[in-house]
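**Q** Sending over a structure as structure tokens; questions will come in a sec.
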Amino acid sequence: MNTQTANKKQEVAEETMRITGSEAIIRCLLAEGVDILYGYPGGAIMPVYDELYKFRDQIHHVLTRHEQGAAHAAQGYARISGRVGVAIATSGPGATNLITGIADAQIDSTPMVCITGQVFSHLLGTDAFQETDIIGISTPVTKWNHQITKAADIPEVLAKAFYIAKSGRPGPVLIDITKDAQVSELDFKYEKCTGVRSYIPIPKTKPESLSAAAELINSAKKPFIIWGQGVILGQAENELKAVMEKAGIPSAWTILGASAIPTSHNLNVGMVGMHGNYAPNMLTNECDVLIAIGMRFDDRVTGSLNTYAKQAKIIHFDIDPAEIDKNVKTDVAVLGDSKDSLARLLPLLNENKHADWLQKFKDLYAIEFDKVIKGDISPVKEGLTMGEVLKQINIETKGDAAIVSDVGQHQMIACRYAEFTTTKSNITSGGLGTMGFALPAAIGAKMAAPEREVVAIIGDGGYQMNIQELGTIFQQKAAVKIVVLNNEFLGMVRQWQQLFFDKRYASTEMTNPDFVTIAKGYHIAGKRVTKREELADAVKEMIASKESYFLEVCVEKEGNVFPMIPTGASVSEVRLS
Amino acid sequence: MNEEIKTLTISIYTENNIGLLNRISAIFQRRHINIESLTTSQSEIEGVNRFVIVVNMAEAQAKKIVGQLEKQVEVIRAYYHKDEETIYTESCMFKVRSALLFEEPQIQNIIKDSNARIVTVNKEFFVLEKSGKRNEIESLYRDLNVFGIMQFVRAGRIAVTKDEMKVTEMLQAFNNHNN
Ligand SMILES: Cc1ncc(C[n+]2csc(CCOP(=O)(O)OP(=O)(O)O)c2C)c(N)n1
Ligand SMILES: [Mg+2]
């Protein structure tokens, strides 16, 4: 085994060298530009950890406190940076603990490579200690997965893993590596993967689809854009903005599309979906041309499909052909990369204003403001609201923070009220709705973008699902700002119990610990706010802190999130109370 | 609109990888689609496998399934075809007591009329192999069942399509692009 090489400066191996499988793994990671990875050691992955030790000045391994934390941290890293997040774990329970994060990355199209150790190949299938069929388990929730049993296969398979994870519609890839493949030697040479013959990452854009789309848009009286994360993943923010502005199209976003266009933009009319804004939901059923860009008509966006935008012609821009006509039948499908398609669409569009149509959005916003928003963000009643906390955060961060939210009422409030100036700033578990996501994801986000303010907004329930990651924050000195909006309830479930189950609050009320003391135990400064007068200063103090800071805000116990489209109802059946 | 349930043959060209069967069957299982039959074999292209899967479903749904199949990294191409667009066959085997050949002479006619082939005969039993359409196999089954069948097994449908698949061209295009 050639250990001297470990201390030398790494270069992408031009020359072949004889090294162990585990050293090869690290060299592959370095060749892919990986600077940070998140994980947890154990028997079947120890040879790799030994190499991580030797290469510790070139690659930073972050020990999380749970493998689920490692997976979510890798997701947070990927979501804020657009780079591939990497998580690593041992076989058996280490590998299975990654699964929730992998499933989350799959449904939210997050580029991630997970490496798991596996028992010796001669033990596969014998129910060996900590053997689990992680390939079988992860198959439905990965874009691709593969088990390596020979050291010689490591460079090619890992190169392919990174290529697949980040190309086309991104997603998680899991590579399972047996211990014998880690400890035996290979002739190492790394070549980046540039293509896989069975895989077309970006489908060709048909010029006639673009002209058909342009024709529909140019003749539309009430065009309406709904964009999704495809705009962010495709780095098409500027192209989208140019299209919106030239054709004067009111544009709304899905939860994962948030922050691609600044909140303050005149044509940004808010969020669609179950707890989205009143105007874009209502007017989905009034527009004449609906232009969906990099979004997938999730059921939380569409409500009942039988009544969804039936009056409109539908144009769907997507990189994934399987999304076309999956839920909503399209009139014009534009396949391809969003940046490229939108850039090519722009010159085909006529300049337009649609002032009256835009005014309708503003009018409905005024109704929503009056009935919902005012009371949320500037309440006069007793009891703190989640909305006023978000408003204070907006004031203190000037909308420049990355907001990492967990799942529940606080998430909907965060996505509704957080103001964004910068893209890739809304990091939340959209498709899977994974409680426990935010704390570790915020760690990953902060480490990937240390220059940015990262504020995690978490419920008292979800906080306790990965609260152990406070240990990672402390050890890594990750300056994450943690806001727990404590309503002493699994609030979102309680809201449904109130509205649809006659207030039978089955197992949703929580007796919580002293969260500030827990943070103190991890040497994280913190404060609990129970009164409105204390809020502004506390938020200011949190944002001013150079280190991690914990802020618990005790909010009203039984607040509800509105507007709301009940499950199965039409987008135009929005409830404002 | 395309909602009529039909028998459809789904053909999938894939890389030759363990694990892919799992990935493919999961796409059907998740959506509660019953697989009538599934066969996998080498295809006309070296190193490329072909799955032939028979399902009963509406064309609109088959389109979505084909999309989900093609989305898998190691699936090269997937198609669905109606019966009239393919040439297909099934095959089966019967194991029958040899004594019946002498006790029940009409069995010999049944075998002849059915175009079944005798694979082997010994003192105790003989084995018939028959390929053809499902109804022919079923009819032979009914005829023999009167006398007693020791074992019966039927393989899944195999099918070739009338029009070209163009998989080779696709792989060629990839090679040209990457050289
Ligand atoms: C892992 C997981 N388990 C269960 C749920 C179902 N669920 C959705 S929201 C919610 C309540 C969240 O409570 P809390 O974290 O306190 O946030 P709040 O709604 O009170 O703001 C639950 C249990 C989930 N989304 N994820
Ligand atoms: Mg709560």
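All residue names refer to the structure tokens as shown: chains lettered A, B, ... in order, residues numbered from 1 in each chain, ligands numbered from 1 in order.
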Could you list, as a PDB file with N, CA and C atoms, in the first residue's frame, every residue within 12 Å of range 4-6 of chain B, counting only C-alpha atoms and ignoring same-chain residues fewer than 2 positions away?
**A**
ATOM      1  N   MET B   1     -60.708   8.835 -24.504  1.00  0.00           N
ATOM      2  CA  MET B   1     -59.429   9.092 -25.167  1.00  0.00           C
ATOM      3  C   MET B   1     -58.385   8.070 -24.731  1.00  0.00           C
ATOM      4  N   ASN B   2     -58.092   7.112 -25.583  1.00  0.00           N
ATOM      5  CA  ASN B   2     -57.070   6.110 -25.287  1.00  0.00           C
ATOM      6  C   ASN B   2     -57.281   5.397 -23.960  1.00  0.00           C
ATOM      7  N   LEU B   8     -51.110  -5.114 -24.197  1.00  0.00           N
ATOM      8  CA  LEU B   8     -49.999  -4.390 -24.807  1.00  0.00           C
ATOM      9  C   LEU B   8     -48.692  -5.108 -24.490  1.00  0.00           C
ATOM     10  N   THR B   9     -47.802  -5.083 -25.449  1.00  0.00           N
ATOM     11  CA  THR B   9     -46.493  -5.682 -25.258  1.00  0.00           C
ATOM     12  C   THR B   9     -45.482  -4.566 -25.077  1.00  0.00           C
ATOM     13  N   VAL B  54     -45.851  -8.261 -20.893  1.00  0.00           N
ATOM     14  CA  VAL B  54     -47.222  -8.150 -21.370  1.00  0.00           C
ATOM     15  C   VAL B  54     -48.098  -7.630 -20.237  1.00  0.00           C
ATOM     16  N   VAL B  55     -48.865  -6.608 -20.558  1.00  0.00           N
ATOM     17  CA  VAL B  55     -49.755  -6.012 -19.568  1.00  0.00           C
ATOM     18  C   VAL B  55     -51.098  -5.716 -20.221  1.00  0.00           C
ATOM     19  N   ASN B  56     -52.116  -5.579 -19.396  1.00  0.00           N
ATOM     20  CA  ASN B  56     -53.401  -5.103 -19.887  1.00  0.00           C
ATOM     21  C   ASN B  56     -53.597  -3.699 -19.352  1.00  0.00           C
ATOM     22  N   MET B  57     -53.599  -2.744 -20.239  1.00  0.00           N
ATOM     23  CA  MET B  57     -53.789  -1.371 -19.770  1.00  0.00           C
ATOM     24  C   MET B  57     -54.191  -0.459 -20.919  1.00  0.00           C
ATOM     25  N   ALA B  58     -54.583   0.752 -20.547  1.00  0.00           N
ATOM     26  CA  ALA B  58     -54.935   1.742 -21.559  1.00  0.00           C
ATOM     27  C   ALA B  58     -53.653   2.307 -22.158  1.00  0.00           C
ATOM     28  N   GLU B  59     -53.744   2.715 -23.408  1.00  0.00           N
ATOM     29  CA  GLU B  59     -52.557   3.253 -24.068  1.00  0.00           C
ATOM     30  C   GLU B  59     -52.016   4.493 -23.367  1.00  0.00           C
ATOM     31  N   ALA B  60     -52.929   5.318 -22.848  1.00  0.00           N
ATOM     32  CA  ALA B  60     -52.478   6.536 -22.184  1.00  0.00           C
ATOM     33  C   ALA B  60     -51.573   6.176 -21.003  1.00  0.00           C
ATOM     34  N   GLN B  61     -51.939   5.113 -20.300  1.00  0.00           N
ATOM     35  CA  GLN B  61     -51.124   4.696 -19.160  1.00  0.00           C
ATOM     36  C   GLN B  61     -49.812   4.072 -19.646  1.00  0.00           C
ATOM     37  N   ALA B  62     -49.893   3.322 -20.733  1.00  0.00           N
ATOM     38  CA  ALA B  62     -48.677   2.687 -21.256  1.00  0.00           C
ATOM     39  C   ALA B  62     -47.649   3.745 -21.636  1.00  0.00           C
ATOM     40  N   TYR B  80     -44.125   0.475 -26.411  1.00  0.00           N
ATOM     41  CA  TYR B  80     -45.258  -0.434 -26.232  1.00  0.00           C
ATOM     42  C   TYR B  80     -45.900  -0.664 -27.586  1.00  0.00           C
ATOM     43  N   HIS B  81     -46.452  -1.841 -27.764  1.00  0.00           N
ATOM     44  CA  HIS B  81     -47.093  -2.174 -29.034  1.00  0.00           C
ATOM     45  C   HIS B  81     -48.397  -2.902 -28.794  1.00  0.00           C
ATOM     46  N   LYS B  82     -49.334  -2.687 -29.724  1.00  0.00           N
ATOM     47  CA  LYS B  82     -50.578  -3.442 -29.715  1.00  0.00           C
ATOM     48  C   LYS B  82     -50.333  -4.783 -30.398  1.00  0.00           C
ATOM     49  N   ASP B  83     -51.213  -5.735 -30.150  1.00  0.00           N
ATOM     50  CA  ASP B  83     -51.011  -7.075 -30.702  1.00  0.00           C
ATOM     51  C   ASP B  83     -50.786  -7.051 -32.209  1.00  0.00           C
ATOM     52  N   GLU B  84     -51.561  -6.216 -32.908  1.00  0.00           N
ATOM     53  CA  GLU B  84     -51.452  -6.238 -34.366  1.00  0.00           C
ATOM     54  C   GLU B  84     -50.134  -5.648 -34.863  1.00  0.00           C
TER      55      GLU B  84
END
**Q** How close does each residue of chain B get to chain A, giving the shortest atom pair and distance in Å to one decimal for every residue with an atom at most 6 Å away, counting only C-alpha atoms, sorted by chain and residue number, as JSON lines?
**A**
{"residue": "B:Gly67", "atom": "CA", "partner": "A:Ala322", "partner_atom": "CA", "distance": 4.5}
{"residue": "B:Gln68", "atom": "CA", "partner": "A:Ala322", "partner_atom": "CA", "distance": 5.7}
{"residue": "B:Val73", "atom": "CA", "partner": "A:Tyr199", "partner_atom": "CA", "distance": 5.1}
{"residue": "B:Glu74", "atom": "CA", "partner": "A:Ser198", "partner_atom": "CA", "distance": 5.3}
{"residue": "B:Val75", "atom": "CA", "partner": "A:Ser198", "partner_atom": "CA", "distance": 5.8}
{"residue": "B:Ile76", "atom": "CA", "partner": "A:Ser198", "partner_atom": "CA", "distance": 4.2}
{"residue": "B:Phe174", "atom": "CA", "partner": "A:Arg197", "partner_atom": "CA", "distance": 5.9}
**Q** Could you pull the residues within 7 Å of range 253-270 of chain A, counting only C-alpha atoms, minus those fewer than 6 positions along the same chain, as number ranges by chain?
**A** A: 226-229, 232, 237, 241, 277, 280, 361, 415, 419-426, 430
**Q** Could you turn the residues from that selection into a file that holds C-alpha atoms, as a PDB file, in the first residue's frame?
**A**
ATOM      1  CA  ILE A 226     -45.733  28.771 -12.974  1.00  0.00           C
ATOM      2  CA  TRP A 227     -42.093  27.980 -12.531  1.00  0.00           C
ATOM      3  CA  GLY A 228     -40.510  25.288 -10.409  1.00  0.00           C
ATOM      4  CA  GLN A 229     -37.103  24.143  -9.281  1.00  0.00           C
ATOM      5  CA  ILE A 232     -32.924  26.885 -10.410  1.00  0.00           C
ATOM      6  CA  GLU A 237     -33.140  32.547 -13.543  1.00  0.00           C
ATOM      7  CA  LYS A 241     -36.812  36.940 -15.860  1.00  0.00           C
ATOM      8  CA  ASN A 277     -51.174  32.750  -2.422  1.00  0.00           C
ATOM      9  CA  PRO A 280     -52.118  32.634  -8.387  1.00  0.00           C
ATOM     10  CA  PHE A 361     -53.479  39.491  -9.295  1.00  0.00           C
ATOM     11  CA  CYS A 415     -42.155  29.974   2.313  1.00  0.00           C
ATOM     12  CA  GLU A 419     -38.360  37.619   1.187  1.00  0.00           C
ATOM     13  CA  PHE A 420     -35.672  36.570  -1.222  1.00  0.00           C
ATOM     14  CA  THR A 421     -33.186  38.554  -3.222  1.00  0.00           C
ATOM     15  CA  THR A 422     -30.912  35.657  -4.180  1.00  0.00           C
ATOM     16  CA  THR A 423     -31.576  32.392  -5.945  1.00  0.00           C
ATOM     17  CA  LYS A 424     -31.057  28.981  -4.261  1.00  0.00           C
ATOM     18  CA  SER A 425     -32.114  30.549  -0.987  1.00  0.00           C
ATOM     19  CA  ASN A 426     -35.191  28.522  -0.108  1.00  0.00           C
ATOM     20  CA  GLY A 430     -40.860  19.897  -0.774  1.00  0.00           C
TER      21      GLY A 430
END
**Q** Counting only C-alpha atoms, what is within 6 Å of Glu129 in chain B, bar same-chain residues fewer than 4 positions away, as a tab-separated table (two decimals) with all heavy atoms, in the first residue's frame?
**A**
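Written file, selection04.tsv:
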chain	number	residue	atom	x	y	z
B	92	CYS	N	-45.06	-23.76	-24.30
B	92	CYS	CA	-45.41	-24.46	-23.07
B	92	CYS	C	-44.93	-25.90	-23.15
B	92	CYS	O	-44.54	-26.38	-24.22
B	92	CYS	CB	-46.92	-24.42	-22.86
B	92	CYS	SG	-47.79	-25.40	-24.06
B	93	MET	N	-44.92	-26.56	-22.03
B	93	MET	CA	-44.56	-27.97	-21.98
B	93	MET	C	-45.59	-28.74	-21.16
B	93	MET	O	-46.12	-28.21	-20.17
B	93	MET	CB	-43.18	-28.14	-21.33
B	93	MET	CG	-42.04	-27.62	-22.19
B	93	MET	SD	-40.54	-27.50	-21.23
B	93	MET	CE	-39.91	-29.14	-21.50
B	116	ALA	N	-47.89	-30.03	-31.78
B	116	ALA	CA	-46.95	-30.07	-30.65
B	116	ALA	C	-45.81	-31.02	-31.01
B	116	ALA	O	-45.95	-31.88	-31.88
B	116	ALA	CB	-47.67	-30.54	-29.39
B	117	ARG	N	-44.71	-30.83	-30.33
B	117	ARG	CA	-43.52	-31.62	-30.62
B	117	ARG	C	-43.24	-32.51	-29.41
B	117	ARG	O	-43.34	-32.05	-28.26
B	117	ARG	CB	-42.36	-30.67	-30.84
B	117	ARG	CG	-41.10	-31.28	-31.41
B	117	ARG	CD	-40.10	-30.16	-31.77
B	117	ARG	NE	-39.64	-29.46	-30.57
B	117	ARG	CZ	-38.61	-29.88	-29.81
B	117	ARG	NH1	-37.92	-30.95	-30.14
B	117	ARG	NH2	-38.25	-29.21	-28.73
**Q** Go through A:Ala89, A:Leu158, A:Val480, A:Val334 and flag the residue nearest Ile202 in chain A, using only C-alpha atoms for the distances.
**A**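 Of A:Ala89, A:Leu158, A:Val480, A:Val334, the one nearest Ile202 in chain A, counting only C-alpha atoms, is A:Val334.
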**Q** Output as a Markdown table one row per residue of chain A within 6 Å of ligand 1: the closest atom pair and its distance in Å to one decimal place, counting only C-alpha atoms and all ligand atoms, sorted by chain and residue number ascending.
**A**
| residue | atom | partner | partner_atom_place_in_ligand_line | distance |
| --- | --- | --- | --- | --- |
| A:Val407 | CA | ligand 1 | 9 (S) | 5.3 |
| A:Gly408 | CA | ligand 1 | 19 (O) | 3.4 |
| A:Gln409 | CA | ligand 1 | 21 (O) | 3.8 |
| A:His410 | CA | ligand 1 | 21 (O) | 4.0 |
| A:Gly433 | CA | ligand 1 | 25 (N) | 4.8 |
| A:Thr434 | CA | ligand 1 | 26 (N) | 4.4 |
| A:Met435 | CA | ligand 1 | 26 (N) | 4.0 |
| A:Gly459 | CA | ligand 1 | 15 (O) | 3.5 |
| A:Asp460 | CA | ligand 1 | 16 (O) | 4.1 |
| A:Gly461 | CA | ligand 1 | 15 (O) | 3.4 |
| A:Gly462 | CA | ligand 1 | 15 (O) | 3.7 |
| A:Asn487 | CA | ligand 1 | 20 (O) | 5.8 |
| A:Phe489 | CA | ligand 1 | 20 (O) | 5.1 |
| A:Leu490 | CA | ligand 1 | 13 (O) | 3.3 |
| A:Gly491 | CA | ligand 1 | 20 (O) | 3.2 |
| A:Met492 | CA | ligand 1 | 19 (O) | 3.8 |
| A:Val493 | CA | ligand 1 | 11 (C) | 5.3 |
**Q** From a DSSP calculation on the backbone, collect every residue of range 412-502 of chain A in strand (DSSP E or B) and output the set as number ranges by chain.
**A** A: 426-428, 454-459, 481-486, 489
**Q** With distances taken over only C-alpha atoms and all ligand atoms, which residue among A:Asp299, A:Glu15, A:Glu488, A:Asp288 lies nearest ligand 2?
**A**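 Result for the nearest residue to ligand 2: A:Glu488.
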**Q** Can you tell me how far CA of Leu485 in chain A sits from CA of Tyr463 in chain A, in Å to one decimal?
**A**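 That distance, rounded to one decimal, is 9.6 Å.
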**Q** Quick one: DSSP helix (DSSP H, G or I) residues in range 56-205 of chain A, as number ranges by chain?
**A** A: 67-81, 93-107, 121-123, 134-141, 151-166, 179-183
**Q** Which residue is closest to Val48 in chain B? Choose from B:Ile87, B:Leu171, B:Thr120, B:Glu138 and count only C-alpha atoms.
**A**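 Smallest separation from Val48 in chain B among the options: B:Leu171.
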**Q** Of the candidates A:Thr508, A:Glu67, A:Ala343, A:Gly39, which one gets nearest to ligand 2 if we count only C-alpha atoms and all ligand atoms?
**A**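 Ranked by minimum distance to ligand 2, first place goes to A:Thr508.
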